[in-house]
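Undergrad: First, the structure itself, so that you have it in front of you.
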Amino acid sequence: STQSTWDHIPLLTVVICFNAEQWRTMKDLRDPMLPQEAQNDIRFLCFNCKPEIKDSKRKIKAHHQGNLKYCANEVTNYKYTWISFLPKNFYEQFKRPLNDYFLLIGLLQLVRQIAPVNPITTLGPLFLAFFITAIKEGYDDLQRHRQDSVFNKRKYKVYRGLESQFDESQTIRVGDVVQVNCGQEFPCDLFLLCSSDEEGSAYIQTANIDGEVDLKSRCSLPEIVSLLKSKGKDSVVNFNGVLTCDSPNRDIYCFNSSLELNGELISISAQQLLPQSCLLKNTDWILGMAVYTGNETKVAMNKRDPPSKWAQVDQRITRLSIFIFIFQISIAVIFGLVGCLTEEHSKTVTYLAFTENEWYEWLIIPARFFLLTSVMIPISFKVIVDVSKAWISKAIAWDIDMYDPITDTPALANNTAISEDLGQVEYILTDKTGTLTENIMQFKGCSINGVQMLKHEDNLLNEPELHQRLSSKDEHVINFFRLLAICNTVDPPKAENDEIIYQGASPDEVALVSAAYQAGMKLVAKSKNTIEIENQWTSAREIYDVLEVLEFSSDRKRMSIVVRDRKSSNVYLFVKGADDKIFERLKTGENNEFLRLHLHDFACLGLRTLVTGFRTLTDSEFREWHTQYKTAKSTTGNDRERVVGEKCELLETQLTLVGASAIEDKLQDDVPETIRSLRHAGISFWMLTGDKYETALQIAVASNLVTQGEQVLRIRGRTDEDVIRCMNDLENRLLDRPQSSRTASVNSSFYDSFQNCFSSPLLLRTKRSKTKPEPGIEMKDSSDIHAEYCLIIDGTTLSIATQPSCVKQFMELAMSVPSVVCCRVTPGQKCELTAMVKSTNKKTLAIGDGGNDVAMIQEAHIGVGISGKEGLQAARAADFSIAKFKYLKPLLLVHGHYSYQRTCYIVQYCYYKSILLSFCQIFFNFYTMFSGGSYWDSFTLAMWNGFYTVFTVFAYVLDRDLPKSTLMAYPSLYLHTMHERSLNGCTFFCFICRGLIQAVICMSITFAAYSDKWVHPVDGSGMDMMSIFTVTYSSLLCIQTITIIVESHSITWINHVAIWGTFVLYWISMIIYTSIPQMAYYSVLYRLLEDPAFYLTIALETAVCMTIHISIQAWWYNTWPNELQRERHKL
């Protein structure tokens, strides 16, 4: 019942409710369990906010008290409150399995019967790590609190009731009318009522949303403009319109709403919406009514945590940790059982006076062994790896070779957790426009009335044929450029230095309007209601009234405008769009045969094409259609776009063909060289573009996605049967091809897994970044790593090929070739293809530059965004961002290689140095009859992974096994990291064996040197346990330090500070430790320092261990060197 639920609310809120965002994510669990009224009460109690509004529609009346049910405009981006910080932060940290493991170890050590060492050795470092993490999280959240406070306390003029006043942003409520001045940020989502412009137009900058700096126009409704203009802007206090809109949603570009004003229902679109966080530009002021506030604005609704991506190395680490844990349990069970049996046998000796066994006695010794070996999984491991990854990612941002001076854009690593995955990429899925190309459009040609013309000069009028036809006032040519000047969404032109400058969100449209300007059809003025064109060839100014604009969308693939010529009063529909969309809407008998041939020629040149057409409308035709269109636009909800699209279809028919335009989008610098190098590295490419087949193929050839001698296989078909039949034919052609050595290289050498373990970097150390590769270095021939086919498919066929009946065969075919080109694809298909390639367990990288690439970028294992002409949406959503496509080469071949090699070594080294310590514990118990006693004391055990071996590992992040120039010059070296040859079961086993051997050697020498016959040379006393473990401990530290020196390929001054500083830290801390009288270790080290055998034993143990290690490395390197070792040998 509601009452019983109410009784448990306080407990419930303490356990799970920390903020509104977390509660919303638990909605699916909440709704089936509690009645609605209880849910609302819980929200109110937990978050101090009003109950969630469940209505699918929102009706808003200005200044109405009913609007108070909606949330206020307080923006909250913080994660914690003062009350929830400690419990929530600890809860999040204990969600990590490793922290749970260490907490279990610490709690078990509190039991005195089974604790071989002081519990502070585990609990101390654990809570120190917790404290450091909490301080970092708290500081970050404090910054978010401060940012929220700055935003919430901004002052705006608010019209509320019969008065206006300046209020803080956080006090604004739905239905309030807010004045925003030029340069100010919109405090919430506003419905534009009027502006300082007479026609109610306003310009906004959406850089905070999508990174686009170009201004976008917004316009208020003429009905409201005329109403407020007659009464003055302060009359908004009497505005009585009722706005009906959708409930808060994430769709920034959709505002399907309607306004009831003076008994008339008026349609509203995104043109009247001013989103929060955008800036008002080039407009003195605007008045807007708040429709969405606080965390219900469209920007706030889009705030989601980025998708969680787990590096492949981390996945392997998890599996290795599970193996270590099972190994630890096995040791505890086996040695614990032996210890229990030994103890039972010892009880037969009567003089030892054992007490009677309790029922739990058989659990004590196994538990002791479990705690003894708990150090196998180092408590500092997570901190070391995270800090190392963060440092490695910083190297990407600091790489001057990946900095673009033209745009002042460096490379950035937004996700520090997956940098090593850059070294394991197998498939790259790339957008074309703005990614491979510059996205700088230039008008290159046209086809008008069956005549093809190409532009060779900078000025269009310098083309003889075009100039002649324009001079003769050819109506077909003039109509073509008139259509380009009218049918567009560019901003009103600006005059600079006697030249008109055009700006717009679409570079294509700017290029087309600029071409019309050069051709003498100059767009000189533009407003919401009129367009003025200066016709150079008739010396007349043409004025058109804008009756309706049918906007472009990715589904429609066209845009249209309906205008009325003031001179003739004729109504025209002008349309431009993709050829397939225009051709199917031409009137009967319209000849497009020559145009199709010209489009094919343009596409073969890699040009982007648009087809144009027009239709003359009668007044009655337009009025009848416009009535239906306005009714459709007044529809609210998810069906509005579909209904409006259907009405557009009714008008965009019976078109007369005008011509076609051809625009060039040049390839970026070094794109062909970059793709060729990455293909030589064994990486396959998928190009996903919305262009037509011929254009996509031409770009693929120009960019080296299709190389000389490769055959193009095209999948065709309009039904399932056609597509399956086509794929069967293509598979038959592929059956006879020779297997590429790229495939064979995965299994080419059984010893590849071991080669990375037995290298000899001490003999092959390189100078950082200064050594150039010698000419004549023999590498794997590039032809060995790519096949001879390229697959191409269009969007229509792709939608069939991805159906359940075809998808398996399609993926098998696509994954068997090194490059795939998908043309005429939609943003949704890009994401779908990325998910399909990802599902094959291949490491994928998606790269794009626009908002339509975000889904693909977030779906891939690695997302790379390019800071391009289409804004920063892709760069912000990506894991890594770069300025140009060419920087992908160093990002993968250099930073991918370094990140993978460094992370793999650091991970395995952290386990190795901890396992070494654990093996000494196990070996010691052979001397103690498997009693479960500890060889080390609590202080030295805690300091091993806490301080003594940490700094040398951190310094290894600077290691470079090969110079950058070598990695760039020989891409086939990338295969080493792609095939995971530096971290796998074999390499990890080698590190374990190394730890076992060195533990046995050190313990054996120590116990042999300090036997029961040994006496101190000064005071004549015998050896004690504290002195014995100090000898072994000091030897292990020397071995660890020298191991880092031997296995580092480049030593910097930072490495020297870390290595020799470790020795200084060790001896200073041990001297302080042995000087404390209250400690059991008091004066132990002083006695050892007086004994020459102490120094000789350390030297002997270090020399024997390192001699064996270096000898095995040198033998293996000279017998079975891998490709990296061969290159280091030649430097």
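Chain identifiers are assigned as A, B, and so on, following the order in which chains appear in the structure tokens; residues are numbered from 1 within each chain, and ligands are numbered from 1 in order of appearance.
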Write out as a PyMOL selection string the residues lying within 9 Å of stretch 545-554 of chain A, counting only C-alpha atoms and excluding same-chain residues fewer than 2 positions away.

TA: chain A and resi 487+489+527-532+543+556-566+571+577+626+648+826-827

Undergrad: Show which residues sit within 12 Å of A:Met521, as a VMD selection string. Count only C-alpha atoms, and ignore same-chain residues fewer than 3 positions away.

TA: chain A and resid 460 to 461 470 473 477 to 486 512 to 518 524 532 to 542

Undergrad: Could you pull out the strand (DSSP E or B) residues of stretch 313-546 of chain A, going by DSSP on the backbone, and write them as a ChimeraX atom specification?

TA: /A:404,409,412-413,427-430,437-448,451-454,494-496,499-501,521-526,530-535,540-546

Undergrad: Taking the DSSP secondary structure from the backbone, can you list the residues of stretch 282-330 of chain A that are helix (DSSP H, G or I), as a list in words?

TA: Gly294, Asn295, Glu296, Lys298, Val299, Ala300, Met301, Gln312, Val313, Asp314, Gln315, Arg316, Ile317, Thr318, Arg319, Leu320, Ser321, Ile322, Phe323, Ile324, Phe325, Ile326, Phe327, Gln328, Ile329 and Ser330 of chain A

Undergrad: Would you compute the distance between atom CA of A:Thr409 and atom CA of A:Ile683? Give it in Å to one decimal.

TA: 26.4 Å
